[in-house]
Amino acid sequence: MKLKDSQTYLNLARAYAGETMARTRYEFVEYGARKEGYKNIAELIDGVAYQEFNHARMLYTFIQTACDGAIPNIDVCAGYPFKEKWDLLENLRLAAEDEADEAERIYPEFARVADEEGFKDIAGLFRNIAQVETCHKKLFLQLHDQLAGGTLYKKDKAVKWKCEDCGYEATSTEAWVQCPLCQAKQGSIKLILDECPGNNA
């Protein structure tokens, strides 16, 4: 079967549209975090947006292999979320929900279809993206839960806090409101989050 005649071809286009939309939604969320003074939350979300860009880039690359010439149009019929508003806490929860849908439902199904149609490399791409989306879900949930629970800058036991602007470090149960060295606001403190299994970023 040729890629251009397959369901996998359409799934690549749907995934490409979804990843590019996710990137833009996360740029909105990043903008909101920055406006509220959460510089390091904004930086983490900006990193996720860049990863979504690279997912879209790889999907686009596979789409381009379907034809020798330009592809004038692919009709994409699919649903995409438009849930996020201008509330940072709620947006973090919704982003985790969106990532879970991709990781647990959409990409596994796309990988299954690609396997059935004989596109093993594309099935692998879908599975690899699903693994990263699982990590994105975990990141968004941690940010949401810590922000909602008041534990973003306060912990049960002493931890090392670090100012990302100047490198100042101090160990305590609660982070400073303003960096003692460079006077950067609390939003510049490196956040303490669990790493996603299999993700060294």
# chains A, B, ... in the order shown; residues from 1 in each chain; ligands from 1

$ select_by_dssp --residues "stretch 64-198 of chain A" --states "strand (DSSP E)" --output "mmCIF file with N, CA and C atoms, in the first residue's frame"
data_model
loop_
_atom_site.group_PDB
_atom_site.id
_atom_site.type_symbol
_atom_site.label_atom_id
_atom_site.label_comp_id
_atom_site.auth_asym_id
_atom_site.auth_seq_id
_atom_site.Cartn_x
_atom_site.Cartn_y
_atom_site.Cartn_z
ATOM 1 N N LYS A 154 7.047 25.944 48.600
ATOM 2 C CA LYS A 154 7.034 25.533 49.997
ATOM 3 C C LYS A 154 6.971 24.011 50.041
ATOM 4 N N LYS A 155 7.892 23.394 50.801
ATOM 5 C CA LYS A 155 7.973 21.933 50.856
ATOM 6 C C LYS A 155 7.920 21.458 52.308
ATOM 7 N N ASP A 156 7.607 20.173 52.494
ATOM 8 C CA ASP A 156 7.534 19.589 53.836
ATOM 9 C C ASP A 156 8.910 19.448 54.477
ATOM 10 N N LYS A 157 9.926 19.240 53.663
ATOM 11 C CA LYS A 157 11.287 19.116 54.190
ATOM 12 C C LYS A 157 12.195 20.092 53.443
ATOM 13 N N ALA A 158 13.338 20.378 54.015
ATOM 14 C CA ALA A 158 14.272 21.330 53.410
ATOM 15 C C ALA A 158 14.761 20.812 52.060
ATOM 16 N N VAL A 159 14.765 21.695 51.085
ATOM 17 C CA VAL A 159 15.256 21.399 49.739
ATOM 18 C C VAL A 159 16.172 22.536 49.294
ATOM 19 N N LYS A 160 16.917 22.287 48.226
ATOM 20 C CA LYS A 160 17.799 23.327 47.698
ATOM 21 C C LYS A 160 17.039 24.139 46.652
ATOM 22 N N TRP A 161 16.922 25.427 46.884
ATOM 23 C CA TRP A 161 16.294 26.356 45.941
ATOM 24 C C TRP A 161 17.396 27.073 45.183
ATOM 25 N N LYS A 162 17.167 27.319 43.903
ATOM 26 C CA LYS A 162 18.192 27.977 43.091
ATOM 27 C C LYS A 162 17.550 29.062 42.241
ATOM 28 N N GLU A 169 21.909 29.924 45.624
ATOM 29 C CA GLU A 169 21.255 28.742 46.166
ATOM 30 C C GLU A 169 21.110 28.858 47.672
ATOM 31 N N ALA A 170 20.024 28.286 48.198
ATOM 32 C CA ALA A 170 19.816 28.204 49.649
ATOM 33 C C ALA A 170 18.948 26.988 49.924
ATOM 34 N N THR A 171 19.181 26.356 51.067
ATOM 35 C CA THR A 171 18.410 25.176 51.447
ATOM 36 C C THR A 171 17.478 25.539 52.593
ATOM 37 N N SER A 172 16.177 25.315 52.376
ATOM 38 C CA SER A 172 15.159 25.570 53.405
ATOM 39 C C SER A 172 13.845 24.937 52.954
ATOM 40 N N THR A 173 12.841 24.996 53.818
ATOM 41 C CA THR A 173 11.540 24.436 53.458
ATOM 42 C C THR A 173 10.733 25.390 52.590
ATOM 43 N N GLU A 174 11.126 26.654 52.578
ATOM 44 C CA GLU A 174 10.377 27.641 51.806
ATOM 45 C C GLU A 174 11.337 28.535 51.013
#

$ select_by_dssp --residues "stretch 28-152 of chain A" --states "alpha helix (DSSP H)" --output "ChimeraX atom specification"
/A:28-35,39-64,88-101,107-117,120-149

$ write_last_selection --atoms "C-alpha atoms" --output "mmCIF file, in the first residue's frame"
data_model
loop_
_atom_site.group_PDB
_atom_site.id
_atom_site.type_symbol
_atom_site.label_atom_id
_atom_site.label_comp_id
_atom_site.auth_asym_id
_atom_site.auth_seq_id
_atom_site.Cartn_x
_atom_site.Cartn_y
_atom_site.Cartn_z
ATOM 1 C CA PHE A 28 -0.983 31.061 25.203
ATOM 2 C CA VAL A 29 -0.518 29.275 28.543
ATOM 3 C CA GLU A 30 3.160 30.283 28.625
ATOM 4 C CA TYR A 31 2.162 33.900 27.986
ATOM 5 C CA GLY A 32 -0.295 33.760 30.892
ATOM 6 C CA ALA A 33 2.285 32.279 33.256
ATOM 7 C CA ARG A 34 4.796 34.993 32.342
ATOM 8 C CA LYS A 35 2.171 37.725 32.835
ATOM 9 C CA LYS A 39 8.934 32.931 34.841
ATOM 10 C CA ASN A 40 10.094 29.336 35.357
ATOM 11 C CA ILE A 41 6.639 27.868 34.761
ATOM 12 C CA ALA A 42 6.612 29.879 31.531
ATOM 13 C CA GLU A 43 10.045 28.508 30.574
ATOM 14 C CA LEU A 44 8.930 24.916 31.198
ATOM 15 C CA ILE A 45 5.795 25.412 29.108
ATOM 16 C CA ASP A 46 7.851 27.092 26.381
ATOM 17 C CA GLY A 47 9.994 23.946 26.330
ATOM 18 C CA VAL A 48 6.874 21.808 25.867
ATOM 19 C CA ALA A 49 5.722 24.094 23.033
ATOM 20 C CA TYR A 50 9.104 23.613 21.328
ATOM 21 C CA GLN A 51 8.813 19.852 21.713
ATOM 22 C CA GLU A 52 5.355 20.000 20.093
ATOM 23 C CA PHE A 53 6.956 21.955 17.231
ATOM 24 C CA ASN A 54 9.442 19.129 16.750
ATOM 25 C CA HIS A 55 6.683 16.525 16.826
ATOM 26 C CA ALA A 56 4.922 18.505 14.083
ATOM 27 C CA ARG A 57 8.204 18.755 12.151
ATOM 28 C CA MET A 58 8.672 14.989 12.166
ATOM 29 C CA LEU A 59 5.047 14.343 11.194
ATOM 30 C CA TYR A 60 5.381 16.872 8.348
ATOM 31 C CA THR A 61 8.560 15.133 7.195
ATOM 32 C CA PHE A 62 6.731 11.808 6.892
ATOM 33 C CA ILE A 63 3.803 13.473 5.092
ATOM 34 C CA GLN A 64 6.250 14.865 2.524
ATOM 35 C CA LEU A 88 -3.333 29.625 34.473
ATOM 36 C CA LEU A 89 -4.318 27.021 37.059
ATOM 37 C CA GLU A 90 -7.216 25.689 34.993
ATOM 38 C CA ASN A 91 -5.107 25.761 31.822
ATOM 39 C CA LEU A 92 -2.489 23.534 33.437
ATOM 40 C CA ARG A 93 -5.208 21.001 34.326
ATOM 41 C CA LEU A 94 -6.699 21.140 30.838
ATOM 42 C CA ALA A 95 -3.284 20.789 29.188
ATOM 43 C CA ALA A 96 -2.678 17.621 31.218
ATOM 44 C CA GLU A 97 -6.084 16.331 30.105
ATOM 45 C CA ASP A 98 -5.278 17.046 26.438
ATOM 46 C CA GLU A 99 -1.892 15.335 26.703
ATOM 47 C CA ALA A 100 -3.466 12.273 28.337
ATOM 48 C CA ASP A 101 -5.914 11.980 25.437
ATOM 49 C CA TYR A 107 -1.399 8.005 19.266
ATOM 50 C CA PRO A 108 -1.769 4.351 20.284
ATOM 51 C CA GLU A 109 -4.645 4.044 17.787
ATOM 52 C CA PHE A 110 -2.631 5.786 15.059
ATOM 53 C CA ALA A 111 0.294 3.429 15.770
ATOM 54 C CA ARG A 112 -1.992 0.379 15.583
ATOM 55 C CA VAL A 113 -3.333 1.478 12.177
ATOM 56 C CA ALA A 114 0.170 2.240 10.869
ATOM 57 C CA ASP A 115 1.338 -1.225 11.955
ATOM 58 C CA GLU A 116 -1.620 -2.862 10.211
ATOM 59 C CA GLU A 117 -0.928 -0.909 7.026
ATOM 60 C CA LYS A 120 6.407 0.370 10.929
ATOM 61 C CA ASP A 121 8.577 3.508 11.022
ATOM 62 C CA ILE A 122 5.515 5.749 11.277
ATOM 63 C CA ALA A 123 4.012 3.477 13.948
ATOM 64 C CA GLY A 124 7.270 3.938 15.865
ATOM 65 C CA LEU A 125 7.021 7.704 15.497
ATOM 66 C CA PHE A 126 3.483 7.679 16.890
ATOM 67 C CA ARG A 127 4.587 5.547 19.852
ATOM 68 C CA ASN A 128 7.560 7.796 20.560
ATOM 69 C CA ILE A 129 5.333 10.879 20.521
ATOM 70 C CA ALA A 130 2.879 9.140 22.880
ATOM 71 C CA GLN A 131 5.733 8.535 25.349
ATOM 72 C CA VAL A 132 6.622 12.230 25.342
ATOM 73 C CA GLU A 133 2.985 13.285 25.690
ATOM 74 C CA THR A 134 2.808 11.108 28.827
ATOM 75 C CA CYS A 135 5.701 13.155 30.229
ATOM 76 C CA HIS A 136 3.956 16.389 29.241
ATOM 77 C CA LYS A 137 0.833 15.231 31.095
ATOM 78 C CA LYS A 138 2.902 14.518 34.209
ATOM 79 C CA LEU A 139 4.603 17.930 34.015
ATOM 80 C CA PHE A 140 1.320 19.817 33.652
ATOM 81 C CA LEU A 141 -0.254 17.842 36.517
ATOM 82 C CA GLN A 142 2.701 18.537 38.817
ATOM 83 C CA LEU A 143 2.593 22.255 38.020
ATOM 84 C CA HIS A 144 -1.172 22.338 38.550
ATOM 85 C CA ASP A 145 -1.081 20.386 41.808
ATOM 86 C CA GLN A 146 1.801 22.361 43.308
ATOM 87 C CA LEU A 147 0.306 25.707 42.305
ATOM 88 C CA ALA A 148 -3.158 24.723 43.591
ATOM 89 C CA GLY A 149 -1.793 23.221 46.799
#

$ atom_distance --atom1 "atom CA of A:Ile189" --atom2 "atom CA of A:Val177"
9.4 Å
